[in-house]
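Enquirer: You'll find my_file.txt just under this line, and it carries compact mmCIF, C-alpha atoms and all ligand atoms.
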# COMPACT_ATOMS: atom_id res chain seq x y z
CA MET A 901 -10.37 -16.60 8.16
CA THR A 902 -8.20 -13.80 9.45
CA SER A 903 -6.90 -15.05 12.74
CA LYS A 904 -3.20 -14.59 13.20
CA ASN A 905 -2.71 -18.32 13.59
CA TRP A 906 -4.49 -19.08 10.36
CA ILE A 907 -2.46 -16.56 8.46
CA ARG A 908 0.87 -17.73 9.79
CA ARG A 909 0.04 -21.38 9.25
CA ASP A 910 -1.40 -20.96 5.79
CA PHE A 911 1.16 -18.61 4.41
CA LEU A 912 4.12 -20.42 5.73
CA LYS A 913 3.00 -23.13 3.34
CA LEU A 914 3.42 -20.64 0.54
CA SER A 915 7.12 -20.23 1.07
CA THR A 916 9.08 -21.12 -2.01
CA SER A 917 12.08 -22.35 -0.09
CA LEU A 918 12.74 -23.66 3.36
CA VAL A 919 11.62 -21.01 5.80
CA THR A 920 12.14 -21.04 9.48
CA ALA A 921 9.64 -18.51 10.68
CA PRO A 922 11.51 -17.29 13.77
CA ALA A 923 14.68 -16.66 11.78
CA PHE A 924 12.73 -15.05 9.01
CA LEU A 925 10.80 -12.80 11.31
CA SER A 926 13.90 -11.72 13.19
CA ALA A 927 14.04 -8.61 11.03
CA CYS A 928 10.47 -7.71 12.02
CA GLU A 929 10.17 -5.92 15.31
CA THR A 930 6.58 -6.69 16.03
CA ASN A 931 7.02 -5.70 19.64
CA ALA A 932 8.76 -2.45 18.97
CA GLN A 933 12.21 -3.68 19.86
CA ASN A 934 15.12 -1.50 18.93
CA SER A 935 16.04 -1.96 15.28
CA ALA A 936 19.71 -1.74 16.12
CA GLN A 937 19.39 -5.05 17.93
CA SER A 938 18.31 -7.14 14.96
CA ALA A 939 20.13 -7.80 11.75
CA GLY A 940 18.12 -6.67 8.77
CA ARG A 941 17.64 -8.52 5.50
CA LYS A 942 18.80 -7.46 2.07
CA PRO A 943 17.34 -7.67 -0.49
CA ILE A 944 13.82 -7.54 0.87
CA ILE A 945 10.36 -6.57 -0.37
CA ILE A 946 7.26 -5.97 1.75
CA SER A 947 3.68 -5.26 0.63
CA THR A 948 0.31 -4.50 2.16
CA TRP A 949 -2.54 -7.02 2.43
CA ASN A 950 -2.94 -10.55 1.11
CA HIS A 951 -2.64 -9.46 -2.51
CA GLY A 952 0.78 -8.14 -1.53
CA LEU A 953 2.00 -11.70 -1.89
CA ASP A 954 1.39 -11.61 -5.66
CA ALA A 955 3.27 -8.33 -5.90
CA ASN A 956 6.12 -9.67 -3.79
CA LYS A 957 6.57 -12.79 -5.89
CA VAL A 958 7.13 -10.74 -9.03
CA GLY A 959 9.20 -8.15 -7.19
CA TRP A 960 11.32 -10.86 -5.64
CA GLU A 961 12.18 -12.34 -9.05
CA ILE A 962 13.70 -8.95 -9.88
CA LEU A 963 15.44 -8.38 -6.56
CA SER A 964 16.89 -11.87 -6.37
CA THR A 965 18.57 -11.47 -9.75
CA SER A 966 20.28 -8.21 -8.75
CA GLY A 967 17.48 -6.05 -10.15
CA SER A 968 16.63 -2.65 -8.74
CA ALA A 969 14.21 -1.88 -5.92
CA LEU A 970 12.50 0.55 -8.29
CA ASP A 971 11.76 -2.13 -10.90
CA ALA A 972 10.72 -4.57 -8.17
CA VAL A 973 8.09 -2.29 -6.65
CA GLU A 974 6.74 -1.09 -9.99
CA LYS A 975 6.46 -4.50 -11.66
CA GLY A 976 5.20 -6.05 -8.42
CA VAL A 977 2.24 -3.74 -7.91
CA MET A 978 1.39 -3.86 -11.63
CA VAL A 979 0.38 -7.49 -11.15
CA VAL A 980 -2.22 -6.41 -8.62
CA GLU A 981 -3.36 -3.42 -10.72
CA SER A 982 -3.95 -5.77 -13.66
CA ASP A 983 -5.89 -8.35 -11.64
CA PRO A 984 -9.64 -7.76 -12.09
CA LYS A 985 -10.36 -9.84 -8.99
CA VAL A 986 -8.76 -7.18 -6.77
CA GLN A 987 -11.56 -4.62 -6.49
CA THR A 988 -9.57 -1.92 -4.75
CA VAL A 989 -6.75 -1.34 -7.21
CA GLY A 990 -6.50 -0.74 -10.98
CA LEU A 991 -8.64 -2.83 -13.36
CA GLY A 992 -11.86 -3.84 -11.63
CA GLY A 993 -11.51 -1.26 -8.86
CA PHE A 994 -14.75 -0.09 -7.25
CA PRO A 995 -16.05 3.11 -8.85
CA ASP A 996 -16.95 6.41 -7.25
CA ARG A 997 -20.56 7.27 -6.42
CA GLU A 998 -21.16 8.32 -10.03
CA GLY A 999 -19.87 5.05 -11.47
CA ASN A 1000 -16.38 6.22 -12.55
CA VAL A 1001 -13.27 4.17 -11.75
CA THR A 1002 -10.59 6.75 -10.91
CA LEU A 1003 -7.09 5.67 -9.94
CA ASP A 1004 -4.31 7.18 -7.79
CA ALA A 1005 -0.67 6.06 -7.59
CA CYS A 1006 2.82 7.22 -6.74
CA ILE A 1007 6.34 5.86 -6.89
CA MET A 1008 9.48 7.04 -5.10
CA LYS A 1009 13.20 6.25 -5.00
CA GLY A 1010 15.51 6.73 -2.05
CA ASP A 1011 17.38 9.53 -3.82
CA GLY A 1012 14.24 11.69 -3.76
CA GLY A 1013 13.09 10.99 -7.32
CA CYS A 1014 9.33 10.56 -7.46
CA GLY A 1015 6.29 10.63 -9.70
CA SER A 1016 2.56 10.56 -9.18
CA VAL A 1017 -0.82 10.49 -10.90
CA ALA A 1018 -4.24 11.11 -9.41
CA PHE A 1019 -7.85 10.97 -10.60
CA LEU A 1020 -6.71 9.02 -13.64
CA LYS A 1021 -9.41 7.29 -15.69
CA GLY A 1022 -9.16 4.47 -18.24
CA ILE A 1023 -5.54 3.38 -17.70
CA LYS A 1024 -5.12 0.19 -15.69
CA ASN A 1025 -1.48 0.64 -14.60
CA PRO A 1026 -1.27 4.09 -13.00
CA ILE A 1027 1.99 3.16 -11.27
CA ALA A 1028 3.73 2.85 -14.65
CA VAL A 1029 2.34 6.25 -15.63
CA ALA A 1030 3.62 7.68 -12.33
CA ARG A 1031 7.07 6.30 -13.15
CA LYS A 1032 6.92 7.98 -16.55
CA VAL A 1033 5.99 11.27 -14.86
CA MET A 1034 9.11 10.85 -12.71
CA GLU A 1035 11.39 9.94 -15.60
CA GLU A 1036 10.01 11.87 -18.55
CA THR A 1037 8.74 15.17 -17.15
CA PRO A 1038 10.11 18.00 -15.00
CA HIS A 1039 7.09 17.55 -12.71
CA ILE A 1040 6.09 15.20 -9.92
CA MET A 1041 2.33 14.97 -10.20
CA LEU A 1042 -0.22 14.95 -13.02
CA VAL A 1043 -3.96 14.64 -12.43
CA GLY A 1044 -7.18 13.92 -14.27
CA ASP A 1045 -7.32 14.72 -17.98
CA GLY A 1046 -3.72 15.91 -17.97
CA ALA A 1047 -2.51 12.60 -16.53
CA LYS A 1048 -4.55 10.68 -19.08
CA LYS A 1049 -3.36 12.77 -22.01
CA PHE A 1050 0.22 12.20 -20.88
CA ALA A 1051 -0.35 8.45 -20.48
CA LEU A 1052 -1.83 8.13 -23.97
CA ALA A 1053 1.08 10.11 -25.43
CA GLN A 1054 3.43 7.67 -23.67
CA GLY A 1055 1.73 4.74 -25.41
CA PHE A 1056 -0.56 3.50 -22.63
CA LYS A 1057 -3.79 1.94 -23.84
CA GLU A 1058 -7.20 3.25 -22.78
CA GLU A 1059 -9.66 0.63 -21.56
CA ASN A 1060 -12.85 0.25 -19.60
CA LEU A 1061 -11.80 -0.45 -16.00
CA LEU A 1062 -15.29 -1.10 -14.63
CA THR A 1063 -15.74 -4.87 -14.61
CA GLU A 1064 -19.17 -6.53 -14.43
CA ALA A 1065 -18.44 -7.68 -10.88
CA SER A 1066 -17.62 -4.18 -9.64
CA LYS A 1067 -20.54 -2.68 -11.57
CA LYS A 1068 -22.86 -5.14 -9.83
CA ARG A 1069 -21.55 -4.12 -6.40
CA TYR A 1070 -21.94 -0.47 -7.36
CA GLU A 1071 -25.55 -1.01 -8.44
CA GLU A 1072 -26.27 -2.80 -5.17
CA TRP A 1073 -24.76 0.13 -3.29
CA LEU A 1074 -26.89 2.57 -5.31
CA GLN A 1075 -29.99 0.87 -3.92
CA LYS A 1076 -28.79 1.77 -0.42
CA ALA A 1077 -26.82 4.92 -1.27
CA ASP A 1078 -25.74 5.50 2.32
CA TYR A 1079 -22.28 6.86 1.70
CA LYS A 1080 -19.82 6.43 4.51
CA PRO A 1081 -16.13 6.03 3.65
CA GLN A 1082 -15.34 3.06 5.88
CA ILE A 1083 -12.01 1.96 4.51
CA ASN A 1084 -10.95 -1.61 5.28
CA ILE A 1085 -14.31 -2.26 6.79
CA GLU A 1086 -16.66 -2.08 3.83
CA ASN A 1087 -13.97 -2.01 1.15
CA HIS A 1088 -10.22 -2.22 0.90
CA ASP A 1089 -7.25 -2.10 0.11
CA THR A 1090 -4.46 -0.16 -1.48
CA ILE A 1091 -1.34 -2.03 -2.48
CA SER A 1092 1.71 -0.32 -1.05
CA THR A 1093 5.12 -1.94 -1.54
CA LEU A 1094 8.59 -1.14 -0.20
CA ALA A 1095 11.85 -2.72 -1.34
CA LEU A 1096 15.55 -2.63 -0.53
CA ASP A 1097 17.76 -4.03 -3.26
CA ALA A 1098 21.12 -5.79 -3.04
CA ALA A 1099 22.90 -2.53 -3.84
CA GLY A 1100 21.28 -0.86 -0.82
CA ASN A 1101 18.81 1.31 -2.74
CA LEU A 1102 15.28 1.78 -1.45
CA ALA A 1103 12.10 2.35 -3.46
CA GLY A 1104 8.36 2.29 -2.88
CA ALA A 1105 5.11 2.20 -4.84
CA CYS A 1106 1.54 2.86 -3.79
CA THR A 1107 -1.54 2.37 -6.01
CA THR A 1108 -5.30 2.30 -5.45
CA SER A 1109 -8.78 2.91 -6.78
CA GLY A 1110 -9.33 4.73 -3.48
CA ALA A 1111 -12.39 4.67 -1.29
CA ALA A 1112 -15.29 2.86 -2.95
CA TRP A 1113 -18.27 5.11 -3.70
CA LYS A 1114 -16.16 8.21 -2.99
CA MET A 1115 -17.25 11.64 -4.21
CA TYR A 1116 -16.37 12.39 -7.82
CA GLY A 1117 -12.94 14.04 -7.76
CA ARG A 1118 -11.92 12.70 -4.34
CA VAL A 1119 -8.20 11.93 -4.05
CA GLY A 1120 -6.80 10.15 -1.01
CA ASP A 1121 -3.34 9.71 0.43
CA SER A 1122 -2.08 7.11 -2.02
CA PRO A 1123 -0.77 9.40 -4.79
CA LEU A 1124 0.58 11.96 -2.32
CA ILE A 1125 4.31 11.76 -1.68
CA ALA A 1126 4.73 12.06 2.12
CA ALA A 1127 1.21 10.79 2.87
CA GLY A 1128 0.78 7.40 1.15
CA LEU A 1129 4.50 6.85 0.57
CA PHE A 1130 7.87 8.27 1.51
CA VAL A 1131 11.37 6.94 0.79
CA ASP A 1132 14.77 8.25 1.82
CA ASP A 1133 17.94 6.19 1.29
CA GLU A 1134 19.51 7.93 4.31
CA VAL A 1135 16.92 6.44 6.65
CA GLY A 1136 14.26 4.14 5.24
CA ALA A 1137 10.84 3.99 3.65
CA ALA A 1138 7.22 3.90 4.77
CA CYS A 1139 3.83 3.44 3.15
CA ALA A 1140 0.22 3.53 4.21
CA THR A 1141 -3.14 1.94 3.64
CA GLY A 1142 -6.49 2.82 5.09
CA LEU A 1143 -8.56 5.97 5.28
CA GLY A 1144 -6.56 8.44 3.21
CA GLU A 1145 -7.99 11.50 4.91
CA ALA A 1146 -6.50 10.37 8.23
CA VAL A 1147 -3.12 9.62 6.65
CA ILE A 1148 -2.95 13.01 4.90
CA ARG A 1149 -3.89 14.82 8.11
CA THR A 1150 -0.78 13.45 9.82
CA ALA A 1151 1.63 13.46 6.81
CA GLY A 1152 1.68 9.75 7.65
CA SER A 1153 4.47 8.07 5.69
CA ALA A 1154 6.89 10.98 5.82
CA MET A 1155 6.30 11.17 9.55
CA VAL A 1156 7.12 7.46 9.97
CA VAL A 1157 10.39 8.00 8.10
CA GLU A 1158 11.21 11.07 10.19
CA MET A 1159 10.57 9.07 13.38
CA MET A 1160 13.08 6.49 12.15
CA ARG A 1161 15.52 9.31 11.39
CA GLN A 1162 15.22 10.34 15.03
CA GLY A 1163 16.21 6.85 16.13
CA LYS A 1164 12.95 4.95 16.41
CA SER A 1165 12.77 1.42 15.05
CA PRO A 1166 10.41 0.78 12.11
CA SER A 1167 7.77 -0.63 14.46
CA GLU A 1168 8.10 2.17 16.98
CA ALA A 1169 7.80 4.74 14.18
CA CYS A 1170 4.58 3.15 12.87
CA ILE A 1171 3.13 3.05 16.39
CA GLU A 1172 3.97 6.70 17.00
CA VAL A 1173 2.12 7.88 13.89
CA VAL A 1174 -0.90 5.68 14.59
CA GLU A 1175 -0.99 7.29 18.05
CA ARG A 1176 -1.02 10.71 16.38
CA ILE A 1177 -3.97 9.63 14.27
CA ARG A 1178 -5.71 8.47 17.42
CA ARG A 1179 -5.21 11.89 19.00
CA LYS A 1180 -6.60 13.73 15.95
CA HIS A 1181 -9.89 11.80 15.76
CA LYS A 1182 -12.86 11.75 18.09
CA THR A 1183 -13.61 8.12 17.33
CA LEU A 1184 -11.64 5.36 15.67
CA LYS A 1185 -14.61 3.02 15.40
CA ASP A 1186 -14.81 2.91 11.60
CA LEU A 1187 -11.34 4.24 10.93
CA GLN A 1188 -8.64 1.87 9.78
CA VAL A 1189 -5.07 2.91 8.91
CA GLY A 1190 -2.01 0.69 8.64
CA PHE A 1191 1.63 1.53 8.05
CA LEU A 1192 4.58 -0.51 6.86
CA ALA A 1193 8.13 0.72 7.44
CA LEU A 1194 11.48 -0.58 6.21
CA ASN A 1195 14.78 0.91 7.28
CA LYS A 1196 17.93 1.10 5.21
CA ASP A 1197 19.38 -1.91 7.06
CA GLY A 1198 16.47 -4.12 6.01
CA ASN A 1199 14.58 -4.14 9.32
CA PHE A 1200 10.86 -3.72 8.98
CA GLY A 1201 7.83 -3.02 11.12
CA ALA A 1202 4.07 -2.68 10.76
CA TYR A 1203 1.21 -1.33 12.85
CA SER A 1204 -2.48 -0.58 12.36
CA ILE A 1205 -5.43 0.87 14.23
CA HIS A 1206 -7.63 -2.22 13.93
CA LYS A 1207 -6.56 -5.82 13.61
CA ASP A 1208 -6.50 -7.81 10.38
CA PHE A 1209 -3.94 -5.67 8.58
CA THR A 1210 -1.95 -8.37 6.81
CA TYR A 1211 1.26 -7.88 4.90
CA ALA A 1212 3.65 -9.96 2.81
CA VAL A 1213 7.42 -10.15 3.31
CA SER A 1214 9.87 -11.75 0.89
CA THR A 1215 13.57 -12.40 1.40
CA ASP A 1216 15.90 -15.15 0.29
CA ASP A 1217 14.18 -17.27 2.95
CA GLY A 1218 10.95 -17.21 0.94
CA HIS A 1219 7.55 -15.53 1.06
CA VAL A 1220 5.73 -15.09 4.35
CA MET A 1221 2.57 -13.33 5.45
CA ASP A 1222 2.02 -11.85 8.86
CA MET A 1223 -0.52 -9.67 10.59
CA ALA A 1224 0.47 -6.30 11.98
CA PRO A 1225 0.03 -5.68 15.68
CA SER A 1226 -2.74 -3.13 16.24
CA LEU A 1227 -4.09 -0.55 18.65
CA PHE A 1228 -7.34 -2.50 19.02
CA GLU A 1229 -7.36 -6.28 18.96
N1 LIG A 1301 -5.63 4.83 1.28
C1 LIG A 1301 -6.61 4.61 0.24
C2 LIG A 1301 -7.39 5.87 0.04
O1 LIG A 1301 -7.75 6.52 1.00
C3 LIG A 1301 -7.51 3.45 0.46
C4 LIG A 1301 -7.00 2.20 1.14
O2 LIG A 1301 -5.83 2.05 1.43
O3 LIG A 1301 -7.79 1.29 1.42
O4 LIG A 1301 -7.72 6.19 -1.09
What would the structure in this file look like if it were written as structure tokens?
Ligand code: ASP
Expert:
Amino acid sequence: MTSKNWIRRDFLKLSTSLVTAPAFLSACETNAQNSAQSAGRKPIIISTWNHGLDANKVGWEILSTSGSALDAVEKGVMVVESDPKVQTVGLGGFPDREGNVTLDACIMKGDGGCGSVAFLKGIKNPIAVARKVMEETPHIMLVGDGAKKFALAQGFKEENLLTEASKKRYEEWLQKADYKPQINIENHDTISTLALDAAGNLAGACTTSGAAWKMYGRVGDSPLIAAGLFVDDEVGAACATGLGEAVIRTAGSAMVVEMMRQGKSPSEACIEVVERIRRKHKTLKDLQVGFLALNKDGNFGAYSIHKDFTYAVSTDDGHVMDMAPSLFE
């Protein structure tokens, strides 16, 4: 069910207003054209994976009524965090190998403001806690017990995040107990969202339960500013999904933004960093990473190692899904 044709056909039906796909996709440089050649869209919100559509719909309500990119990305990803059916983010996320659901998230504005939480237990909306870290503390990142203590002091409610469905999958895995962190192959996916609001401000959010069956204490790229997410109003924004270790190793999202700063289009920048990941790894067989990039003019691009990296894009033309071009088809 993941062929490009299926996705285009099915998701075009989801558009809330009349969408002409070619016009809509003109801001997406899937073939690494020069961004300067295409007019970008503003406002715009883009999100990773199929569940990105749910985030976009809520984010778009905010953006289309002159709301901020920051509110759009936060409130958008919260929908996915709160959905127990999504087993890779927030409530209902797959646990680690000891049965604990531990969450990672970060949020960033184009002016450099940012906040992050990692290894957070018992709070289903880590992105909202990350925003509080940004707005209410002199710090950028809180982890583990400290993050939880802060969240509770801010009025967040503690709850059991391990749903029966995820517990069942965990117990099945325990029978096999052959740990291999194959992101996007055995389990996925982080929700990462980028937005440009009508006032020209950029923001991004990234939130995950991380690699299923990970080691207790493992933190991936998603809460790390520069790895899972990076935003700079001077240039653009980028976010990642996939095997966090590979994204951290290449300072993934910050590197995509820096490539755009040097003149590459969003697509070209994503391709360049995926190529770096290729060079740093002996095999890419079980290694999936995908990037989304959005420049300050509202042009976007996407690229992944393996195919099937879908993403949602919303503008005043409606909501559309597409599949990123990839290194391996
Ligand atoms: N990047 C996330 C992590 O490594 C997982 C994912 O995007 O699927 O924790």
Enquirer: From the options A:Ile1148, A:Ile1007, A:Leu1020, A:Val1043, which residue's atoms come nearest to A:Ser1109, counting all atoms listed in the file?
Expert: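 For A:Ser1109, the nearest of the candidates is A:Leu1020.
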Enquirer: Please identify the residues whose atoms come within 8 Å of ligand LIG 1301 (chain A), using only C-alpha atoms and all ligand atoms, and report them as a list of chain:residue names.
Expert: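 Counting only C-alpha atoms and all ligand atoms, the residues within 8 Å of ligand LIG 1301 (chain A) come out as A:Thr988, A:Asp1004, A:Ile1083, A:Asn1084, A:Asn1087, A:His1088, A:Asp1089, A:Thr1090, A:Ile1091, A:Thr1108, A:Ser1109, A:Gly1110, A:Ala1111, A:Val1119, A:Gly1120, A:Asp1121, A:Ser1122, A:Gly1128, A:Ala1140, A:Thr1141, A:Gly1142, A:Leu1143, A:Gly1144, A:Glu1145, A:Val1147, A:Val1189.
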Enquirer: Nearest to A:Ala1095: which of A:Glu1035, A:Glu974, A:Asp996, A:Asp1222 is it, counting only C-alpha atoms?
Expert: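 Closest residue, counting only C-alpha atoms: A:Glu974.
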Enquirer: Tell me, in Å to one decimal, how far atom CA of A:Asp1186 is from atom CA of A:His1206.
Expert: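 A separation of 9.1 Å between them.
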Enquirer: Mind checking which residues fall within 7 Å of A:Ser982, counting all atoms listed in the file, ignoring those fewer than 6 positions away in the same chain, and posting them as JSON, numbers by chain?
Expert: {"A": [990, 991, 1024, 1025]}
Enquirer: Hey, which of A:Val977, A:Ile1125, A:Ala1202, A:Ala1146 ends up closest to A:His951? Count all atoms listed in the file.
Expert: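 When distances to A:His951 are compared using all atoms listed in the file, the smallest one comes from A:Val977.
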